[in-house]
Every structure is written in C-alpha cells, then in structure tokens.
$ cat query07.txt   # compact mmCIF, C-alpha atoms
# COMPACT_ATOMS: atom_id res chain seq x y z
CA MET O 1463 83.74 -238.46 -77.83
CA ASN O 1464 86.24 -240.38 -80.01
CA GLU O 1465 85.73 -243.89 -81.42
CA CYS O 1466 87.42 -245.69 -78.49
CA GLU O 1467 85.36 -243.82 -75.91
CA ARG O 1468 82.16 -244.61 -77.79
CA PHE O 1469 83.26 -248.26 -77.95
CA GLN O 1470 83.79 -248.31 -74.16
CA ALA O 1471 80.37 -246.77 -73.58
CA GLN O 1472 78.62 -249.30 -75.83
CA LEU O 1473 80.56 -252.38 -74.66
CA GLY O 1474 78.07 -253.52 -72.02
CA GLU O 1475 75.09 -252.99 -74.25
CA TYR O 1476 76.76 -254.91 -77.06
CA LEU O 1477 77.61 -257.89 -74.88
CA LEU O 1478 74.05 -258.02 -73.50
CA GLY O 1479 72.73 -257.88 -77.09
CA GLY O 1480 70.95 -254.59 -76.59
CA LEU O 1481 72.86 -252.47 -79.11
CA PRO O 1482 70.77 -251.42 -82.15
CA MET O 1483 71.76 -252.94 -85.47
CA ALA O 1484 72.97 -249.63 -86.92
CA ASP O 1485 75.42 -249.10 -84.02
CA ARG O 1486 76.34 -252.74 -83.86
CA ALA O 1487 78.06 -252.70 -87.29
CA ALA O 1488 80.10 -249.61 -86.41
CA PHE O 1489 81.00 -251.15 -83.02
CA GLU O 1490 82.26 -254.37 -84.62
CA ARG O 1491 84.10 -252.47 -87.33
CA HIS O 1492 85.96 -250.49 -84.66
CA ALA O 1493 86.74 -253.65 -82.68
CA ALA O 1494 88.31 -255.15 -85.82
CA GLN O 1495 90.40 -252.09 -86.47
CA CYS O 1496 91.50 -251.08 -82.93
CA PRO O 1497 93.70 -253.64 -81.17
CA LYS O 1498 93.23 -252.02 -77.77
CA CYS O 1499 89.44 -252.13 -77.98
CA SER O 1500 89.52 -255.60 -79.49
CA LYS O 1501 91.53 -256.81 -76.50
CA GLU O 1502 89.09 -255.15 -74.12
CA LEU O 1503 86.16 -256.85 -75.85
CA THR O 1504 87.82 -260.27 -75.65
CA ALA O 1505 88.71 -259.86 -71.98
CA THR O 1506 85.22 -258.73 -70.95
CA ARG O 1507 83.59 -261.52 -72.94
CA ALA O 1508 85.89 -264.05 -71.18
CA THR O 1509 85.01 -262.65 -67.74
CA LEU O 1510 81.28 -262.93 -68.42
CA ALA O 1511 81.71 -266.50 -69.63
CA ALA O 1512 83.67 -267.36 -66.45
CA LEU O 1513 80.89 -265.84 -64.27
CA ASP O 1514 78.33 -267.85 -66.16
CA ARG O 1515 80.23 -271.03 -65.63
CA ALA O 1516 80.61 -270.34 -61.89
CA GLY O 1517 76.82 -269.90 -61.64
CA ILE O 1518 77.11 -266.40 -60.15
CA GLY O 1519 73.95 -265.38 -62.05
CA SER O 1520 71.64 -267.09 -59.51
CA ALA O 1521 71.73 -266.41 -55.77
CA PRO O 1522 73.04 -269.22 -53.58
CA ALA O 1523 70.63 -271.04 -51.27
CA GLY O 1524 69.83 -269.18 -48.01
CA VAL O 1525 70.34 -265.67 -49.42
CA ALA O 1526 66.59 -265.03 -49.81
CA GLU O 1527 65.94 -266.05 -46.19
CA ALA O 1528 68.76 -263.85 -44.92
CA VAL O 1529 67.37 -260.84 -46.82
CA ALA O 1530 63.85 -261.48 -45.45
CA ALA O 1531 65.22 -261.71 -41.89
CA GLY O 1532 67.07 -258.42 -42.36
CA VAL O 1533 63.94 -256.66 -43.61
CA ALA O 1534 61.92 -258.00 -40.69
CA ALA O 1535 64.54 -256.76 -38.23
CA LYS O 1536 64.38 -253.28 -39.81
CA LEU O 1537 60.59 -253.24 -39.56
CA ARG O 1538 60.75 -254.17 -35.89
CA GLY O 1539 63.20 -251.34 -35.35
CA GLY O 1540 60.90 -248.56 -36.55
CA VAL O 1541 58.60 -248.94 -39.46
CA ARG O 1542 55.48 -250.87 -38.59
CA PRO O 1543 54.18 -253.29 -41.12
CA ARG O 1544 50.94 -252.21 -42.75
CA VAL O 1545 47.96 -253.97 -41.36
CA ARG O 1546 45.37 -254.50 -43.99
CA LEU O 1547 41.84 -254.72 -42.72
CA GLY O 1548 39.80 -257.13 -44.68
CA TRP O 1549 36.09 -256.58 -45.17
CA LEU O 1550 35.40 -259.31 -42.67
CA SER O 1551 37.18 -257.49 -39.85
CA VAL O 1552 35.48 -254.20 -40.78
CA ALA O 1553 32.12 -255.92 -40.72
CA ALA O 1554 32.91 -257.40 -37.29
CA ALA O 1555 33.90 -253.96 -35.96
CA ALA O 1556 30.74 -252.47 -37.43
CA ALA O 1557 28.58 -255.09 -35.77
CA CYS O 1558 30.28 -254.48 -32.38
CA LEU O 1559 29.77 -250.73 -32.70
CA ALA O 1560 26.16 -251.08 -33.75
CA ILE O 1561 25.46 -253.32 -30.74
CA ALA O 1562 27.23 -250.90 -28.40
CA ALA O 1563 25.29 -247.91 -29.82
CA LEU O 1564 22.01 -249.75 -29.49
CA GLY O 1565 22.89 -250.61 -25.88
CA VAL O 1566 23.65 -246.96 -25.08
CA TRP O 1567 20.44 -245.84 -26.73
CA LEU O 1568 18.28 -248.40 -24.95
CA THR O 1569 19.76 -247.70 -21.52
CA THR O 1570 19.80 -243.90 -21.69
CA ARG O 1571 16.65 -243.00 -23.63
CA PRO O 1572 13.88 -241.56 -21.53
CA PRO O 1573 10.98 -243.86 -20.87
CA GLN O 1574 8.52 -243.47 -23.69
CA PRO O 1575 5.15 -242.16 -22.58
CA PRO O 1576 2.52 -244.79 -22.78
CA ALA O 1577 0.06 -244.56 -25.62
CA ALA O 1578 -3.19 -242.81 -24.85
CA ALA O 1579 -5.07 -246.10 -24.63
CA GLN O 1580 -2.72 -247.34 -21.88
CA LEU O 1581 -2.71 -244.11 -19.90
CA SER O 1582 -3.56 -244.32 -16.26
CA ASN O 1583 -4.62 -241.47 -14.02
CA GLU O 1584 -1.40 -241.90 -12.03
CA GLN O 1585 0.72 -241.59 -15.15
CA LEU O 1586 -1.10 -238.40 -16.09
CA ASP O 1587 -0.53 -237.05 -12.60
CA ILE O 1588 3.22 -237.74 -12.89
CA GLU O 1589 3.37 -235.99 -16.25
CA ALA O 1590 1.47 -232.97 -14.97
CA GLN O 1591 3.74 -232.79 -11.92
CA ALA O 1592 6.78 -232.89 -14.17
CA VAL O 1593 5.47 -230.00 -16.27
CA GLU O 1594 4.69 -228.08 -13.09
CA ALA O 1595 8.24 -228.60 -11.85
CA HIS O 1596 9.55 -227.54 -15.22
CA ALA O 1597 7.46 -224.37 -15.21
CA ARG O 1598 8.63 -223.52 -11.68
CA ALA O 1599 12.24 -223.99 -12.72
CA LEU O 1600 11.63 -221.60 -15.60
CA LEU O 1601 10.08 -219.03 -13.28
CA ARG O 1602 13.19 -219.20 -11.11
CA GLN O 1603 15.37 -218.78 -14.16
CA LEU O 1604 13.33 -215.78 -15.31
CA ASP O 1605 13.70 -214.27 -11.84
CA GLU O 1606 17.46 -214.64 -11.99
CA LEU O 1607 17.49 -213.01 -15.40
CA ARG O 1608 15.29 -210.19 -14.15
CA GLN O 1609 17.70 -209.50 -11.29
CA GLU O 1610 20.62 -209.47 -13.65
CA HIS O 1611 18.78 -207.18 -16.05
CA GLU O 1612 17.94 -204.84 -13.19
CA ALA O 1613 21.58 -204.65 -12.18
CA VAL O 1614 22.43 -203.54 -15.69
CA SER O 1615 19.49 -201.14 -15.81
CA ARG O 1616 20.54 -199.51 -12.56
CA MET O 1617 23.81 -198.38 -14.01
CA MET O 1618 22.16 -196.91 -17.07
CA GLY O 1619 21.64 -193.56 -15.39
CA GLY O 1620 19.67 -191.86 -18.13
CA GLY O 1621 18.97 -194.05 -21.07
CA PRO O 1622 16.33 -194.67 -23.61
CA GLY O 1623 14.02 -195.05 -20.72
CA PRO O 1624 13.09 -198.41 -19.63
CA GLN O 1625 10.74 -200.25 -21.86
CA LYS O 1626 7.09 -200.03 -21.14
CA GLY O 1627 6.76 -201.06 -17.53
CA ASP O 1628 10.41 -201.95 -17.16
CA GLU O 1629 11.39 -202.31 -13.54
CA ARG O 1630 13.91 -199.65 -12.80
CA THR O 1631 15.25 -198.76 -9.47
CA GLU O 1632 16.68 -195.36 -8.90
CA GLY O 1633 20.23 -195.56 -10.12
CA PRO O 1634 23.16 -193.23 -10.08
CA ALA O 1635 22.63 -190.38 -12.43
CA PRO O 1636 25.97 -189.17 -13.65
CA PRO O 1637 24.62 -186.24 -15.66
CA THR O 1638 23.21 -184.65 -12.49
CA GLY O 1639 26.69 -184.29 -11.09
CA ALA O 1640 27.82 -182.52 -14.20
CA ARG O 1641 24.91 -180.12 -14.13
CA ARG O 1642 25.57 -179.29 -10.50
CA ALA O 1643 29.21 -178.71 -11.23
CA ARG O 1644 28.34 -176.35 -14.03
CA SER O 1645 26.01 -174.33 -11.84
CA MET X 654 40.17 -249.79 -49.92
CA ARG X 655 41.91 -248.72 -46.71
CA LYS X 656 40.43 -245.23 -46.99
CA ARG X 657 36.96 -246.69 -47.43
CA ASN X 658 37.45 -248.86 -44.33
CA ARG X 659 38.47 -245.88 -42.27
CA LEU X 660 35.50 -243.87 -43.49
CA ALA X 661 33.18 -246.73 -42.58
CA ILE X 662 34.57 -246.89 -39.03
CA VAL X 663 34.34 -243.10 -38.55
CA GLY X 664 30.79 -243.19 -39.87
CA LEU X 665 29.86 -245.88 -37.36
CA PHE X 666 31.31 -243.87 -34.48
CA VAL X 667 29.36 -240.80 -35.57
CA ALA X 668 26.17 -242.86 -35.81
CA ALA X 669 26.76 -244.24 -32.30
CA ALA X 670 27.35 -240.74 -30.92
CA VAL X 671 24.21 -239.39 -32.62
CA LEU X 672 22.12 -242.24 -31.24
CA ALA X 673 23.44 -241.65 -27.73
CA ALA X 674 22.87 -237.88 -28.01
CA GLU X 675 19.33 -238.42 -29.29
CA ALA X 676 18.53 -240.50 -26.26
CA LEU X 677 19.61 -237.87 -23.76
CA PRO X 678 17.28 -235.06 -22.78
CA PRO X 679 18.37 -231.54 -23.80
CA ARG X 680 20.81 -230.10 -21.32
CA GLY X 681 20.14 -227.17 -19.03
CA MET X 682 21.62 -223.77 -19.66
CA PRO X 683 25.40 -224.13 -19.92
CA ALA X 684 27.33 -222.85 -16.90
CA HIS X 685 29.17 -220.23 -18.92
CA LEU X 686 25.88 -218.55 -19.80
CA ARG X 687 24.55 -218.39 -16.27
CA GLY X 688 24.68 -215.22 -14.23
CA MET X 689 26.46 -212.07 -15.25
CA ALA X 690 29.79 -212.28 -17.05
CA SER X 691 32.72 -211.53 -14.74
CA GLU X 692 33.98 -208.83 -17.08
CA ALA X 693 30.61 -207.09 -16.98
CA ARG X 694 30.49 -207.42 -13.20
CA GLU X 695 33.92 -205.81 -12.88
CA ALA X 696 32.91 -202.99 -15.19
CA LEU X 697 29.78 -202.42 -13.10
CA GLY X 698 31.96 -202.19 -10.00
CA GLN X 699 34.11 -199.58 -11.71
CA ILE X 700 31.04 -197.54 -12.63
CA HIS X 701 29.87 -197.59 -9.03
CA LYS X 702 33.23 -196.32 -7.87
CA ILE X 703 33.25 -193.54 -10.45
CA VAL X 704 29.71 -192.54 -9.50
CA GLU X 705 30.75 -192.24 -5.86
CA GLN X 706 33.62 -190.07 -6.96
CA GLN X 707 31.26 -187.97 -9.06
CA ARG X 708 29.03 -187.31 -6.08
CA ALA X 709 31.97 -186.17 -4.01
CA LEU X 710 33.13 -183.90 -6.83
CA ALA X 711 29.65 -182.41 -7.22
CA GLN X 712 29.64 -181.54 -3.52
CA GLN X 713 33.08 -179.98 -3.76
CA ALA X 714 32.25 -177.81 -6.76
CA PRO X 715 30.12 -175.13 -4.99
CA ARG X 716 32.81 -174.80 -2.32
CA ALA X 717 35.60 -174.21 -4.84
CA LYS X 718 37.60 -171.13 -3.96
CA ASN X 719 38.00 -169.73 -7.44
CA ALA X 720 37.11 -170.27 -11.07
CA GLU X 721 40.24 -172.31 -11.74
CA ALA X 722 39.45 -174.78 -8.99
CA ARG X 723 35.88 -175.07 -10.27
CA GLU X 724 37.15 -175.69 -13.79
CA ALA X 725 39.49 -178.44 -12.54
CA ILE X 726 36.56 -180.16 -10.82
CA PHE X 727 34.46 -179.76 -13.90
CA GLN X 728 37.13 -181.38 -16.07
CA GLN X 729 37.35 -184.32 -13.67
CA ILE X 730 33.61 -184.76 -13.84
CA ARG X 731 33.73 -184.63 -17.64
CA GLY X 732 36.44 -187.31 -17.72
CA ASN X 733 34.43 -189.50 -15.39
CA LEU X 734 31.33 -189.11 -17.53
CA LYS X 735 33.25 -190.21 -20.58
CA ARG X 736 34.63 -193.23 -18.74
CA ILE X 737 31.15 -194.16 -17.50
CA ALA X 738 29.78 -193.91 -21.03
CA GLU X 739 32.53 -196.22 -22.30
CA LEU X 740 32.02 -198.73 -19.52
CA ARG X 741 28.28 -198.67 -20.09
CA VAL X 742 28.76 -199.55 -23.75
CA ARG X 743 31.16 -202.35 -22.85
CA ILE X 744 28.77 -203.86 -20.29
CA LEU X 745 25.86 -203.69 -22.67
CA GLU X 746 27.89 -205.27 -25.45
CA ILE X 747 28.84 -208.17 -23.20
CA GLN X 748 25.31 -208.59 -21.91
CA ALA X 749 23.75 -208.37 -25.37
CA ALA X 750 26.13 -211.05 -26.70
CA ARG X 751 25.34 -213.21 -23.71
CA ALA X 752 21.61 -212.69 -24.14
CA ARG X 753 21.88 -213.79 -27.79
CA ALA X 754 23.77 -216.95 -26.82
CA ARG X 755 21.11 -217.69 -24.22
CA LEU X 756 18.35 -217.15 -26.73
CA GLU X 757 19.99 -219.58 -29.12
CA TRP X 758 20.24 -222.15 -26.34
CA ALA X 759 16.57 -221.56 -25.38
CA ARG X 760 15.45 -222.12 -28.98
CA ASP X 761 17.39 -225.39 -29.21
CA HIS X 762 16.04 -226.46 -25.84
CA ALA X 763 12.45 -225.72 -26.83
CA ALA X 764 12.87 -227.64 -30.08
CA GLN X 765 14.26 -230.74 -28.38
CA LEU X 766 12.26 -230.95 -25.19
CA ARG X 767 9.58 -233.62 -24.92
CA LEU X 768 7.13 -234.51 -22.17
CA SER X 769 9.12 -237.70 -21.47
CA HIS X 770 12.23 -235.58 -20.80
CA VAL X 771 10.59 -233.51 -18.09
CA VAL X 772 9.11 -236.65 -16.50
CA LEU X 773 12.57 -238.22 -16.47
CA ALA X 774 14.12 -235.03 -15.06
CA MET X 775 11.56 -234.93 -12.28
CA LYS X 776 12.24 -238.57 -11.40
CA GLN X 777 15.99 -237.96 -11.38
CA PHE X 778 16.18 -234.59 -9.67
CA GLY X 779 12.84 -234.23 -7.95
CA GLY X 780 10.40 -231.39 -8.45
CA GLY X 781 12.77 -228.71 -7.23
CA PRO X 782 12.18 -226.32 -4.37
CA ARG X 783 8.79 -224.74 -4.13
CA ALA X 784 10.12 -221.42 -2.96
CA PRO X 785 7.71 -218.59 -3.72
CA GLU X 786 8.71 -216.85 -6.91
CA ALA X 787 8.74 -213.12 -7.09
CA PRO X 788 5.47 -211.99 -8.60
CA ALA X 789 5.51 -210.92 -12.21
CA THR X 790 5.24 -207.19 -11.97
CA ASN X 791 6.76 -205.49 -14.97
CA GLY X 792 9.90 -205.41 -17.06
CA PRO X 793 10.75 -207.13 -20.33
CA LEU X 794 10.31 -210.54 -18.74
CA ALA X 795 7.01 -209.81 -17.12
CA GLY X 796 4.87 -210.96 -20.05
CA ALA X 797 6.69 -214.27 -20.32
CA LYS X 798 6.53 -214.78 -16.61
CA ARG X 799 2.83 -214.12 -16.44
CA LYS X 800 2.14 -216.66 -19.16
CA VAL X 801 4.28 -219.28 -17.40
CA GLU X 802 2.34 -218.64 -14.22
CA GLU X 803 -0.90 -219.09 -16.12
CA ALA X 804 0.39 -222.36 -17.61
CA LEU X 805 1.34 -223.47 -14.13
CA SER X 806 -2.18 -222.83 -12.84
CA ARG X 807 -3.60 -224.63 -15.83
CA VAL X 808 -1.42 -227.69 -15.21
CA GLU X 809 -2.43 -227.72 -11.56
CA ALA X 810 -6.05 -227.77 -12.68
CA LEU X 811 -5.27 -230.56 -15.14
CA ARG X 812 -3.84 -232.65 -12.34
CA GLN X 813 -7.12 -232.45 -10.51
CA LYS X 814 -8.98 -233.27 -13.68
CA ALA X 815 -6.65 -236.23 -14.33
CA ALA X 816 -7.44 -237.72 -10.92
CA LYS X 817 -11.10 -237.92 -11.91
CA ALA X 818 -10.67 -238.95 -15.55
CA ALA X 819 -12.84 -241.96 -16.27
CA SER X 820 -12.32 -242.76 -19.95
CA ASP X 821 -9.40 -243.25 -22.31
CA GLN X 822 -10.61 -240.37 -24.43
CA GLU X 823 -10.69 -238.06 -21.44
CA ARG X 824 -7.19 -239.10 -20.43
CA ALA X 825 -5.93 -238.62 -23.98
CA ASN X 826 -7.37 -235.09 -24.02
CA ILE X 827 -5.72 -234.26 -20.71
CA ARG X 828 -2.38 -235.61 -21.94
CA GLN X 829 -2.66 -233.47 -25.05
CA GLU X 830 -3.34 -230.41 -22.96
CA ILE X 831 -0.42 -231.15 -20.64
CA GLU X 832 1.84 -231.32 -23.70
CA GLU X 833 0.42 -228.02 -24.95
CA GLN X 834 1.17 -226.39 -21.61
CA LEU X 835 4.73 -227.69 -21.74
CA ARG X 836 5.06 -226.15 -25.20
CA ILE X 837 3.69 -222.84 -23.89
CA VAL X 838 6.20 -222.87 -21.04
CA GLU X 839 9.14 -223.49 -23.39
CA ASN X 840 7.94 -220.87 -25.85
CA GLN X 841 7.78 -218.34 -23.04
CA ARG X 842 11.39 -219.04 -22.20
CA VAL X 843 12.29 -218.12 -25.77
CA ALA X 844 9.97 -215.09 -25.68
CA GLY X 845 11.52 -213.86 -22.42
CA PHE X 846 15.03 -214.23 -23.75
CA GLU X 847 14.06 -212.43 -26.95
CA ALA X 848 12.64 -209.56 -24.90
CA ILE X 849 15.91 -209.25 -23.01
CA VAL X 850 17.89 -209.22 -26.25
CA SER X 851 15.79 -206.44 -27.75
CA ALA X 852 15.87 -204.38 -24.51
CA LEU X 853 19.65 -204.69 -24.36
CA ASP X 854 20.03 -203.83 -28.04
CA GLU X 855 18.02 -200.67 -27.59
CA ARG X 856 20.01 -199.65 -24.55
CA LEU X 857 23.28 -200.44 -26.23
CA ALA X 858 22.35 -198.16 -29.15
CA TRP X 859 21.52 -195.39 -26.68
CA ALA X 860 24.73 -195.96 -24.69
CA ARG X 861 26.78 -195.76 -27.89
CA ARG X 862 25.16 -192.46 -28.81
CA GLN X 863 25.87 -191.14 -25.32
CA ALA X 864 29.49 -192.24 -25.49
CA ALA X 865 29.87 -190.50 -28.87
CA GLU X 866 28.37 -187.32 -27.44
CA GLU X 867 30.71 -187.41 -24.45
CA GLU X 868 33.61 -187.84 -26.81
CA GLU X 869 32.50 -184.83 -28.85
CA LYS X 870 32.13 -182.65 -25.76
CA ARG X 871 35.72 -183.30 -24.82

$ encode --input "query07.txt" --output "structure tokens"
Amino acid sequence: MNECERFQAQLGEYLLGGLPMADRAAFERHAAQCPKCSKELTATRATLAALDRAGIGSAPAGVAEAVAAGVAAKLRGGVRPRVRLGWLSVAAAAACLAIAALGVWLTTRPPQPPAAAQLSNEQLDIEAQAVEAHARALLRQLDELRQEHEAVSRMMGGGPGPQKGDERTEGPAPPTGARRARS
Amino acid sequence: MRKRNRLAIVGLFVAAAVLAAEALPPRGMPAHLRGMASEAREALGQIHKIVEQQRALAQQAPRAKNAEAREAIFQQIRGNLKRIAELRVRILEIQAARARARLEWARDHAAQLRLSHVVLAMKQFGGGPRAPEAPATNGPLAGAKRKVEEALSRVEALRQKAAKAASDQERANIRQEIEEQLRIVENQRVAGFEAIVSALDERLAWARRQAAEEEEKR
C-alpha cells in the first residue's frame, strides 16, 4: 500500500476525528505534500460541511412512523410478535387450572366410606355386596385364564408334565406318531 | 422468565392430571391383555393341522410298499415334529410375555384398589351376573380360586353379621374384616397370575429343550 492509498483508507477516520495521534501527523504531512490527496481532503471536508448545513444528520419528521408501520406490516405477514406473559397472567392461569382440577377431583372421586362411628348396617351391607361382586368377577376372570391355559397345555403333547394337579386334557401327542412310523 | 412461565403451566397441567387420575378407580384389565393373543391362536391352529397330518402319516407308514416310501414318510414326520416344537416355543413365549404383563397389571390394581372403588363399581355396573363358576378343581390357578371362594363365603357371612350389628364397635370390626377380605381377593389375583407365569416359564424351558433336540436329530 503506497502513501496515497493509505491516505484514502484513513480519510474517513481522520475527518471523524478517530485517527490515532501517531497516524494523524503522517496523514497531515502527506496531505501537505501531495496535491492530489490535499484536493481530495478539501473536497470531502466541504461535502461534509454542506451535509451538516442541510441538516441531513437528523431524520426528517415522519420517518420514524413510516419505519414502525413497515415493521408492523412485516410482522403481520409472517413473524408473530412475542407475547410476554406477565406474572399476573400466569397466576390467573394457575388459579383457573387449580379450580378446574379441584372440580374434576371432587366430581369424579369415589364416595368416601363413612367413618366407623357413622357406619350404618345398610352401608356395611352395600360394602359387603360390593366385595362379593368383586370376588365373583375375579372368579370369572380366573376361569377365563384357566381355559386359556388349558388350551395352551393341550398342545404341549409331552412336556415337563403339568404342575402338581394341573388340569390337562388328553392332547395330541406328536412323538407317538414318530414312534409308530419308526416301527 | 418465559421458560419459567412455561414450566409453571406444564406443572399445573400435570398436577391437574394427577389429581384426576387419583380420583378414578383403577381400571380393569386392558383389552389388549384379555384372551389369547391372535398370533398364539394362529400358531395353535397350525399345530392342530400338523397333528392331523401326523396322524394320517402314522397310519400310512405301516402300509408303505417299500423301505424308501417308509423313509419318506418318516422324514415328513420328522419335519412336522420340528415345526411343532418351534411353534410350541413361539406360543409359550407369547403367552409368557402376556402373563407377565397381566401380572404387572394385577399388582398395580391390587395396590390401588380401595373398598370405596368396589362400592362405586357396584353402583355403576351392578353386581355382575351370578352365573355359577366352574368349581376350583386343580391347575395352577386352583389355589387362588379356592381362596377367593373362601373369601366370598366369608363376606356372605359378614353380610348376615352386619344386618344384626348393634354397636359402632361391632360395625367397625365388620368393616375391617370386609376390607381384609377385599385385600385377600386382590392378593389372590396376583397369586394366580404369578402361578400362570411360573407354569408357562417352566413349559417354555421344556419346549425350548425339545426344539433343540428336534433340531439336533435332523
């Protein structure tokens, strides 16, 4: 990079007052020596002064509103604005949920058995009936399981032998066929 | 802040769901665990067909005209035996897995069930049919069944006793015994299911050994 190129690169920084002191002296020395660069410096300084005078540095009235309207239009087109939930709204939602949960719990929970002191003979009868019905349902379920287990046992043919007392109906005995065939 | 808000809302939903679930009585055995698995049923059907074929082959064997024909029949029978052994293992594997899942359900059910749940169930669905149950004779479920029958008789007796109960203390004792009988009934469900699991495990081990032997013979 020669002196003129360095001058061009540092011109903006110099005019904005951001050039370090060490570079500043070299920059000014070159501007004094090089007519082309000196002319460039004068012209740029004049342009900046003209812009300053015209008040270009601050945005004209109405520009901020126009930008805001543009951003809003973009948001409507796709990106949704972030909704920030304040603690108040969270607390309100929490309260609603808690009330709903309590409602569900109160309406669906089984009736609590009365305490022993409030027990009536009728209540006891209902409870005993319920346990009876429950036991009968279990007996039916055990019967179904037994039938299923028997179906599996039947196809066992040989096997480890049914467990002690296992119900076992005569099933097909594949090995017999093989023995017969051999004989 | 936003993350904390979301966590709070999720937490509230979970709490509501837990509350609602707590209120409901434990559910009956899930439909997918009821009855025999369709795959096992199909395999059983295949075994029956093969067995029929085996019988026919066994009848043909003595009438075979020469040694070659007899050998061909014998080989068919061997192949069928191997297939049966494989199918037997498959069925027992399916049934054992199913029995374990049922046992797990039964344990959960027993842990959750309360006297109030069975009272509610009876009010909602009635007492159920009073069809005569097959008597408990033998088999892995027989012990469990016998104890449930005993509990049933005991509860019937308690009902009669409850009708005559004259004091709070007497009623409290009867209630306690009713609850004990309910516990016995639920425990027998678990015991019965455990018995099935162990019976199936033993048979599965045997069936696997048989299948390995059939494989070696070939």

$ atom_distance --input "query07.txt" --atom1 "CA of Arg1608 (chain O)" --atom2 "CA of Gly792 (chain X)"
7.8 Å

$ atom_distance --input "query07.txt" --atom1 "CA of Pro679 (chain X)" --atom2 "CA of Glu1606 (chain O)"
20.6 Å

$ atom_distance --input "query07.txt" --atom1 "CA of Ala848 (chain X)" --atom2 "CA of Leu805 (chain X)"
20.9 Å

$ closest_residue --input "query07.txt" --among "X:Glu692, X:Glu847, X:Glu869, X:Glu832" --to "chain O" --atoms "all atoms listed in the file"
X:Glu832

$ closest_residue --input "query07.txt" --among "O:Leu1600, O:Val1614, O:Ala1487, O:Ala1494" --to "Met682 (chain X)" --atoms "all atoms listed in the file"
O:Leu1600

$ closest_residue --input "query07.txt" --among "O:Arg1602, O:Arg1468, O:Lys1498, O:Arg1616" --to "chain X" --atoms "all atoms listed in the file"
O:Arg1602

$ closest_residue --input "query07.txt" --among "X:Glu866, X:Glu839, X:Glu809, X:Glu855" --to "Ala763 (chain X)" --atoms "only C-alpha atoms"
X:Glu839

$ closest_residue --input "query07.txt" --among "X:Ala864, X:Val772, X:Val843, X:Ala858" --to "chain O" --atoms "all atoms listed in the file"
X:Val772

$ residues_near_point --input "query07.txt" --point "(15.5, -220.0, -15.9)" --cutoff "10 Å" --atoms "only C-alpha atoms" --output "short mmCIF file (atom, residue, chain, number, x, y, z; two decimals) with C-alpha atoms, in the coordinates of the input"
data_model
loop_
_atom_site.label_atom_id
_atom_site.label_comp_id
_atom_site.auth_asym_id
_atom_site.auth_seq_id
_atom_site.Cartn_x
_atom_site.Cartn_y
_atom_site.Cartn_z
CA HIS O 1596 9.55 -227.54 -15.22
CA ALA O 1597 7.46 -224.37 -15.21
CA ARG O 1598 8.63 -223.52 -11.68
CA ALA O 1599 12.24 -223.99 -12.72
CA LEU O 1600 11.63 -221.60 -15.60
CA LEU O 1601 10.08 -219.03 -13.28
CA ARG O 1602 13.19 -219.20 -11.11
CA GLN O 1603 15.37 -218.78 -14.16
CA LEU O 1604 13.33 -215.78 -15.31
CA ASP O 1605 13.70 -214.27 -11.84
CA GLU O 1606 17.46 -214.64 -11.99
CA LEU O 1607 17.49 -213.01 -15.40
CA ARG O 1608 15.29 -210.19 -14.15
CA GLY X 681 20.14 -227.17 -19.03
CA MET X 682 21.62 -223.77 -19.66
CA ARG X 687 24.55 -218.39 -16.27
CA ALA X 759 16.57 -221.56 -25.38
CA ARG X 842 11.39 -219.04 -22.20
CA GLY X 845 11.52 -213.86 -22.42
CA PHE X 846 15.03 -214.23 -23.75
#
